[in-house]
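Notes to accompany the following structure.
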Amino acid sequence: MTEFAAPTITPDPAKGARVAQEDRAHVFHSWSAQAQISPLPIAGASGSHFWDFEGKRYLDFSSQLVNVNIGYQHPKLVAAIQEAAARQCTIAPSFADESRSEAARMIAERAPGSLDKVFFTNGGAEATENAMRMAKLHTGRNKVLTTYRSYHGATAGSIAATGDPRRWANEPGVAGIVHFWGPYPYRSPFHSADAAQECERALQHLRETIMVEGAHTIAAIMLETVVGTNGILVPPEGYLAGVREICDEHGIVYIADEVMAGFGRCGEWFAVDHWGVVPDLICFAKGVNSGYVPLGGVVISAEIAATFDERVFPGGLTYSGHPLACASAVASMRIFDEEGILENVRKVADTVIAPRLAEIADKHPSVGEVRGLGFFWALDLVRDPETREPLVPYNASGPAAAPMTELAAACKAEGLWPFTHFNRTHVVPPCTTTAEEMAEGLDILDRALDVTDRHVTG
């Protein structure tokens, strides 16, 4: 793999203060009460690290929003964007563009089955939004089923499809979204004894949901292949195959939301490859080019693409398949191949992450469960290992979330930038992170978990 340039970090607190001041004065931040946040000014980044204007360097265990899969400032990817900008900065989606055509071909080659066409978007939310639109038009049906533990984006349709609390303030949303419970063996909604029983009962629950909603009204079932922000929930063996079977039985479109799980995050190009399942539509974004330029899209099966051979698809975006974004995706996929990044994910996961997290779980009573694959892991934190009471309540904020706030602070104090959500901390660094960097970060996390152990009551 590429050795990222060792950064020359020159502290400049005055500039940092100016950046923070201008941010406070003029930037309106997402998912935030504006007066209650103090965004950290960032001076630079390289590889798996970024640093602030005080000169403090952080090992990134969040990949920002689980999207910087190729690491920061990869020299080959930066050069590809520069070359593309010199050649052609932009062209409308209605033209055939070299970078767009090449990106679509390469994505289709990596997709399973007959998924051979790509509709480009600017990000993941627009991908899920348009996938649902395609499914409805293809089937002539109105409903879309998604799970409660899910996040599919923040446009009108995608936030309605989202199951987690970010949906609440956006309600009432678009009609036709129905939520159901997906599998979660550690906190089973079905009172299952093991993963096999969880799979069986979750599929039966889905069948019963379809029965009472009316299969003839359901256009699609949309699932995060591995649930991301809501817990890194790896589906039990047989579940995705069962969903595929149910969809085939009732003529329902199977949409795999791989915005977070795809492009190396789980050690494969697409996470569904772990289970040999072929969806009808795959939504992607984030890791396709690590967010260097905004890009997302939908990979479309031949059958659904044919629906629009003579029928107009009623959707589009000014920047669909933007040349700079597509050029960066082409470069990123080539770098993954040339530098063996998928192999790095698998090797480091097997030799460092999995065994080290098992040790951490054995050591810390606040760690109820460790789960994941590839560079996509979560530690489910508890107050009581026996009852599995979460360390903080569901959707906690303010004082109720204090134990998780303390954990994040302990990590940052030692130069580790964590990803925390509800009662979990996730291990989701860039896919280029080395075994040595991973071990360093897990050692910091190990020490930081002493903070959460103090809140264990069981």
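Going by the structure tokens order, chains are called A, B, ..., each with residues numbered from 1, while ligands are numbered from 1 in the order shown.
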(request) Write out as number ranges by chain the residues lying within 12 Å of A:Ala6, counting only C-alpha atoms and excluding same-chain residues fewer than 3 positions away. (result) A: 2-3, 9, 44-50, 57, 72-73
(message) Env of A:Asn122: 7 Å cut, atoms = only C-alpha atoms, seq-sep filter 5 positions within chain, self excluded. Answer as a ChimeraX atom specification.
(response) /A:294-296,319-320
(message) With distances taken over only C-alpha atoms, which residue among A:Ala331, A:Ala195, A:Leu357, A:Ala349 lies nearest A:Thr433?
(response) A:Ala349
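In terms of minimum interatomic distance to A:Ser332, A:Asn69 ranks closest within A:Thr147, A:Asn69, A:Thr457, A:Thr452, counting only C-alpha atoms.
The smallest atom-to-atom distance between A:Leu445 and any of A:Tyr394, A:Tyr186, A:Trp275, A:Phe61, using only C-alpha atoms, is found for A:Phe61.
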(message) According to DSSP computed on the backbone, where in stretch 221-297 of chain A is there alpha helix (DSSP H)? Give the residues as a VMD selection string.
(response) chain A and resid 239 to 250
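The nearest approach to A:Pro93 among the residues A:Ser62, A:Thr351, A:Ile159, A:Thr121, with only C-alpha atoms taken into account, belongs to A:Thr121.
Nearest residue to A:Gly231, choosing from A:Ile282, A:Val118, A:Val428, A:Val19 and counting only C-alpha atoms: A:Val428.
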(request) as a count of residues only, please: all residues of stretch 179-424 of chain A that backbone DSSP puts in strand (DSSP E). (result) 48
(request) Using only C-alpha atoms, determine which residues lie at most 9 Å from A:Ala43, disregarding the query and same-chain residues fewer than 3 positions distant; provide the list as a count of residues only. (result) 10
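Counting only C-alpha atoms, the residue from A:Ala156, A:Leu59, A:Ser94, A:Glu268 that sits nearest to A:Asp443 is A:Leu59.
Near A:Leu65, within 9 Å and counting only C-alpha atoms, sit Met260, Lys286 and Phe419 of chain A; same-chain residues fewer than 6 positions away were not included.
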